[in-house]
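Note: the block below is protein-v1.pdb and it holds PDB, C-alpha atoms, pLDDT in the B column.
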ATOM      1  CA  MET A   1      28.956 106.234  72.955  1.00 46.00           C
ATOM      2  CA  ASP A   2      25.703 106.659  74.854  1.00 56.00           C
ATOM      3  CA  LYS A   3      25.562 105.771  78.527  1.00 84.00           C
ATOM      4  CA  TYR A   4      24.230 102.354  79.375  1.00 90.00           C
ATOM      5  CA  SER A   5      23.905 100.183  82.451  1.00 93.00           C
ATOM      6  CA  VAL A   6      23.090  96.625  83.396  1.00 94.00           C
ATOM      7  CA  HIS A   7      22.478  95.396  86.917  1.00 93.00           C
ATOM      8  CA  SER A   8      20.575  92.591  88.549  1.00 94.00           C
ATOM      9  CA  ASP A   9      18.852  91.667  91.773  1.00 95.00           C
ATOM     10  CA  MET A  10      16.819  88.741  93.028  1.00 97.00           C
ATOM     11  CA  ARG A  11      13.084  88.523  93.633  1.00 96.00           C
ATOM     12  CA  GLY A  12      12.686  85.168  95.299  1.00 95.00           C
ATOM     13  CA  ASP A  13      14.194  82.638  92.906  1.00 95.00           C
ATOM     14  CA  VAL A  14      13.916  84.943  89.882  1.00 97.00           C
ATOM     15  CA  ALA A  15      16.832  87.089  88.706  1.00 98.00           C
ATOM     16  CA  VAL A  16      15.679  90.519  87.540  1.00 98.00           C
ATOM     17  CA  VAL A  17      18.119  92.145  85.135  1.00 97.00           C
ATOM     18  CA  THR A  18      17.559  95.844  84.573  1.00 97.00           C
ATOM     19  CA  ALA A  19      19.118  97.268  81.435  1.00 96.00           C
ATOM     20  CA  SER A  20      19.087 100.860  80.280  1.00 95.00           C
ATOM     21  CA  GLY A  21      20.568 102.842  77.439  1.00 94.00           C
ATOM     22  CA  ARG A  22      21.659 101.762  73.995  1.00 93.00           C
ATOM     23  CA  PHE A  23      22.851  98.213  73.301  1.00 94.00           C
ATOM     24  CA  ASP A  24      24.845  97.955  70.106  1.00 93.00           C
ATOM     25  CA  SER A  25      28.008  96.119  69.065  1.00 93.00           C
ATOM     26  CA  GLU A  26      30.089  98.157  71.526  1.00 94.00           C
ATOM     27  CA  THR A  27      27.826  97.936  74.574  1.00 94.00           C
ATOM     28  CA  ALA A  28      25.958  94.629  74.121  1.00 95.00           C
ATOM     29  CA  PRO A  29      28.893  92.582  75.473  1.00 96.00           C
ATOM     30  CA  SER A  30      28.117  93.983  78.946  1.00 94.00           C
ATOM     31  CA  LEU A  31      24.518  92.767  78.624  1.00 96.00           C
ATOM     32  CA  ASP A  32      25.750  89.404  77.363  1.00 96.00           C
ATOM     33  CA  ALA A  33      28.213  89.067  80.251  1.00 96.00           C
ATOM     34  CA  GLU A  34      25.572  89.823  82.895  1.00 95.00           C
ATOM     35  CA  LEU A  35      22.977  87.512  81.355  1.00 96.00           C
ATOM     36  CA  SER A  36      25.529  84.710  80.886  1.00 96.00           C
ATOM     37  CA  LYS A  37      26.690  85.013  84.500  1.00 96.00           C
ATOM     38  CA  ILE A  38      23.129  84.806  85.782  1.00 96.00           C
ATOM     39  CA  ALA A  39      22.105  81.997  83.400  1.00 96.00           C
ATOM     40  CA  ALA A  40      24.968  79.907  84.769  1.00 95.00           C
ATOM     41  CA  GLU A  41      23.478  80.175  88.280  1.00 95.00           C
ATOM     42  CA  LYS A  42      19.710  80.739  87.854  1.00 95.00           C
ATOM     43  CA  ASN A  43      17.207  79.502  85.311  1.00 96.00           C
ATOM     44  CA  LYS A  44      14.503  82.163  85.744  1.00 97.00           C
ATOM     45  CA  ILE A  45      15.364  85.585  84.357  1.00 98.00           C
ATOM     46  CA  VAL A  46      13.238  88.689  83.906  1.00 98.00           C
ATOM     47  CA  LEU A  47      14.821  91.302  81.663  1.00 97.00           C
ATOM     48  CA  ASP A  48      13.518  94.801  82.433  1.00 97.00           C
ATOM     49  CA  LEU A  49      13.830  96.776  79.191  1.00 96.00           C
ATOM     50  CA  LYS A  50      12.063  99.951  80.318  1.00 95.00           C
ATOM     51  CA  GLY A  51      15.189 102.080  80.018  1.00 94.00           C
ATOM     52  CA  VAL A  52      16.508 100.539  76.788  1.00 95.00           C
ATOM     53  CA  ASN A  53      16.142 102.867  73.816  1.00 92.00           C
ATOM     54  CA  TYR A  54      17.963 100.770  71.185  1.00 92.00           C
ATOM     55  CA  LEU A  55      18.733  97.081  70.778  1.00 93.00           C
ATOM     56  CA  SER A  56      20.949  95.922  67.904  1.00 94.00           C
ATOM     57  CA  SER A  57      21.463  92.380  66.668  1.00 94.00           C
ATOM     58  CA  SER A  58      24.251  92.076  69.259  1.00 95.00           C
ATOM     59  CA  GLY A  59      21.799  92.836  72.049  1.00 95.00           C
ATOM     60  CA  LEU A  60      19.239  90.443  70.585  1.00 95.00           C
ATOM     61  CA  ARG A  61      21.904  87.733  70.415  1.00 96.00           C
ATOM     62  CA  ALA A  62      22.694  88.194  74.127  1.00 96.00           C
ATOM     63  CA  ILE A  63      19.018  87.655  74.993  1.00 96.00           C
ATOM     64  CA  VAL A  64      18.694  84.558  72.787  1.00 95.00           C
ATOM     65  CA  LYS A  65      21.915  83.111  74.207  1.00 96.00           C
ATOM     66  CA  ALA A  66      20.584  83.518  77.768  1.00 97.00           C
ATOM     67  CA  LEU A  67      17.239  82.003  76.769  1.00 96.00           C
ATOM     68  CA  GLN A  68      18.926  78.944  75.278  1.00 96.00           C
ATOM     69  CA  ALA A  69      21.114  78.519  78.366  1.00 97.00           C
ATOM     70  CA  VAL A  70      18.245  78.618  80.873  1.00 97.00           C
ATOM     71  CA  GLN A  71      15.948  76.446  78.777  1.00 96.00           C
ATOM     72  CA  LYS A  72      18.457  73.601  79.179  1.00 95.00           C
ATOM     73  CA  SER A  73      17.525  73.471  82.855  1.00 92.00           C
ATOM     74  CA  GLY A  74      13.798  74.031  82.391  1.00 95.00           C
ATOM     75  CA  GLY A  75      13.869  77.780  82.919  1.00 96.00           C
ATOM     76  CA  GLY A  76      13.006  80.793  80.841  1.00 96.00           C
ATOM     77  CA  VAL A  77      13.548  84.457  80.103  1.00 97.00           C
ATOM     78  CA  ARG A  78      10.664  86.924  80.369  1.00 97.00           C
ATOM     79  CA  LEU A  79      10.744  90.485  79.089  1.00 97.00           C
ATOM     80  CA  ALA A  80       9.176  93.373  80.975  1.00 97.00           C
ATOM     81  CA  CYS A  81       8.404  97.002  80.286  1.00 96.00           C
ATOM     82  CA  ALA A  82       9.871  97.245  76.771  1.00 94.00           C
ATOM     83  CA  SER A  83       9.625 100.669  75.198  1.00 90.00           C
ATOM     84  CA  GLU A  84       7.664 100.921  71.976  1.00 90.00           C
ATOM     85  CA  PRO A  85      10.786 101.162  69.748  1.00 90.00           C
ATOM     86  CA  VAL A  86      12.355  98.094  71.405  1.00 93.00           C
ATOM     87  CA  GLU A  87       9.109  96.131  71.246  1.00 92.00           C
ATOM     88  CA  THR A  88       8.893  96.973  67.538  1.00 93.00           C
ATOM     89  CA  ILE A  89      12.417  95.625  66.990  1.00 92.00           C
ATOM     90  CA  LEU A  90      11.576  92.423  68.892  1.00 93.00           C
ATOM     91  CA  ARG A  91       8.388  91.896  66.893  1.00 92.00           C
ATOM     92  CA  THR A  92      10.078  92.670  63.565  1.00 93.00           C
ATOM     93  CA  VAL A  93      12.740  90.010  64.043  1.00 92.00           C
ATOM     94  CA  GLY A  94      10.243  87.443  65.339  1.00 91.00           C
ATOM     95  CA  MET A  95      11.530  87.226  68.899  1.00 90.00           C
ATOM     96  CA  MET A  96       8.085  87.683  70.412  1.00 88.00           C
ATOM     97  CA  GLU A  97       7.308  84.150  69.286  1.00 88.00           C
ATOM     98  CA  MET A  98      10.012  82.753  71.570  1.00 89.00           C
ATOM     99  CA  LEU A  99       9.850  85.274  74.414  1.00 92.00           C
ATOM    100  CA  LYS A 100       6.943  86.460  76.509  1.00 93.00           C
ATOM    101  CA  MET A 101       6.455  90.163  77.159  1.00 94.00           C
ATOM    102  CA  TYR A 102       4.845  91.550  80.313  1.00 97.00           C
ATOM    103  CA  PRO A 103       3.736  95.101  81.153  1.00 96.00           C
ATOM    104  CA  SER A 104       5.493  95.081  84.543  1.00 97.00           C
ATOM    105  CA  ILE A 105       8.340  93.378  86.359  1.00 97.00           C
ATOM    106  CA  ASN A 106       5.888  91.990  88.922  1.00 97.00           C
ATOM    107  CA  ASP A 107       3.770  90.395  86.181  1.00 97.00           C
ATOM    108  CA  ALA A 108       6.862  88.867  84.577  1.00 97.00           C
ATOM    109  CA  VAL A 109       8.143  87.490  87.907  1.00 97.00           C
ATOM    110  CA  ALA A 110       4.696  86.076  88.719  1.00 97.00           C
ATOM    111  CA  SER A 111       4.598  84.280  85.344  1.00 96.00           C
ATOM    112  CA  PHE A 112       7.109  81.743  86.636  1.00 95.00           C
TER     113      PHE A 112
END
Go ahead and render the structure in this file as structure tokens.
Amino acid sequence: MDKYSVHSDMRGDVAVVTASGRFDSETAPSLDAELSKIAAEKNKIVLDLKGVNYLSSSGLRAIVKALQAVQKSGGGVRLACASEPVETILRTVGMMEMLKMYPSINDAVASF
């Protein structure tokens, strides 16, 4: 299994979740757990995907689940810095219609 990591910090009232590595059926539960924990407390999440090199349907599901949770309280999830392969996956499955992508974390944070 490839190395992966998920951690978060706050920028004002926005939670910035930085993910890196490969998120598949074995590793996506860690992404889901972090996003779920944050979505229970905050309704503005920026997901920094710069270091993510693969995102399976399990990883996509974790993002959609967090989006649905924060939308209930008027919030949202923004994506930042996705690599070209990850952006291609997101576009192919139609997620770019429900999520906004930004070139930097600062741009994504400012979008709130």
Selection: 9 Å around range 1-12 of chain A, all atoms listed in the file, excl. self and same-chain fewer than 6 positions, as a list in words: Thr18, Ala19, Ser20, Gly21, Arg22, Phe23, Glu26, Thr27, Ser30, Leu31, Glu34, Ile38, Val52 and Val109 of chain A
Can I get the selection written as an mmCIF file, in the coordinates of the input, with C-alpha atoms?
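After the write, selection_14.cif holds the following:
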data_model
loop_
_atom_site.group_PDB
_atom_site.id
_atom_site.type_symbol
_atom_site.label_atom_id
_atom_site.label_comp_id
_atom_site.auth_asym_id
_atom_site.auth_seq_id
_atom_site.Cartn_x
_atom_site.Cartn_y
_atom_site.Cartn_z
ATOM 1 C CA THR A 18 17.559 95.844 84.573
ATOM 2 C CA ALA A 19 19.118 97.268 81.435
ATOM 3 C CA SER A 20 19.087 100.860 80.280
ATOM 4 C CA GLY A 21 20.568 102.842 77.439
ATOM 5 C CA ARG A 22 21.659 101.762 73.995
ATOM 6 C CA PHE A 23 22.851 98.213 73.301
ATOM 7 C CA GLU A 26 30.089 98.157 71.526
ATOM 8 C CA THR A 27 27.826 97.936 74.574
ATOM 9 C CA SER A 30 28.117 93.983 78.946
ATOM 10 C CA LEU A 31 24.518 92.767 78.624
ATOM 11 C CA GLU A 34 25.572 89.823 82.895
ATOM 12 C CA ILE A 38 23.129 84.806 85.782
ATOM 13 C CA VAL A 52 16.508 100.539 76.788
ATOM 14 C CA VAL A 109 8.143 87.490 87.907
#
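Going from CA of Glu41 in chain A over to CA of Leu90 in chain A, you cover 25.8 Å.
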As a PyMOL selection string, please: the residues near Pro29 in chain A (cut-off 8 Å, only C-alpha atoms, same-chain neighbours under 3 positions excluded). chain A and resi 25-26+32-33+58-59+62
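Reported to one decimal place, the separation of CA of Leu99 in chain A from CA of Ser56 in chain A is 16.7 Å.
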What do you get, as a ChimeraX atom specification, if you spell out every residue that the PyMOL selection byres ((chain A and resi 43) around 6) selects here? /A:39,42,44,70,75
Provide an axis-aligned box for all listed atoms of range 99-106 of chain A, padding each side by 8 Å; report its centre and its edge lengths in Å to one decimal, as lines of an AutoDock Vina configuration file.
center_x = 6.8
center_y = 90.2
center_z = 81.7
size_x = 22.1
size_y = 25.8
size_z = 30.5
Apply the PyMOL selection byres ((chain A and resi 100) around 12) to the file shown and report the selected residues as a ChimeraX atom specification. /A:45-47,67,76-82,87,90-91,94-99,101-104,107-109,111-112
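Picture a line from CA of Asp24 in chain A to CA of Lys72 in chain A; it runs 26.8 Å.
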Test item: residues at most 9 Å from Ser83 in chain A, all atoms listed in the file, excluding those fewer than 3 positions along its chain, as a PyMOL selection string: chain A and resi 49-53+86-88
Between A:Leu35, A:Val93, A:Val14, A:Ile105, which one has atoms that come closest to Ile63 in chain A, using all atoms listed in the file?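 Checking each of A:Leu35, A:Val93, A:Val14, A:Ile105 against Ile63 in chain A, counting all atoms listed in the file, the winner is A:Leu35.
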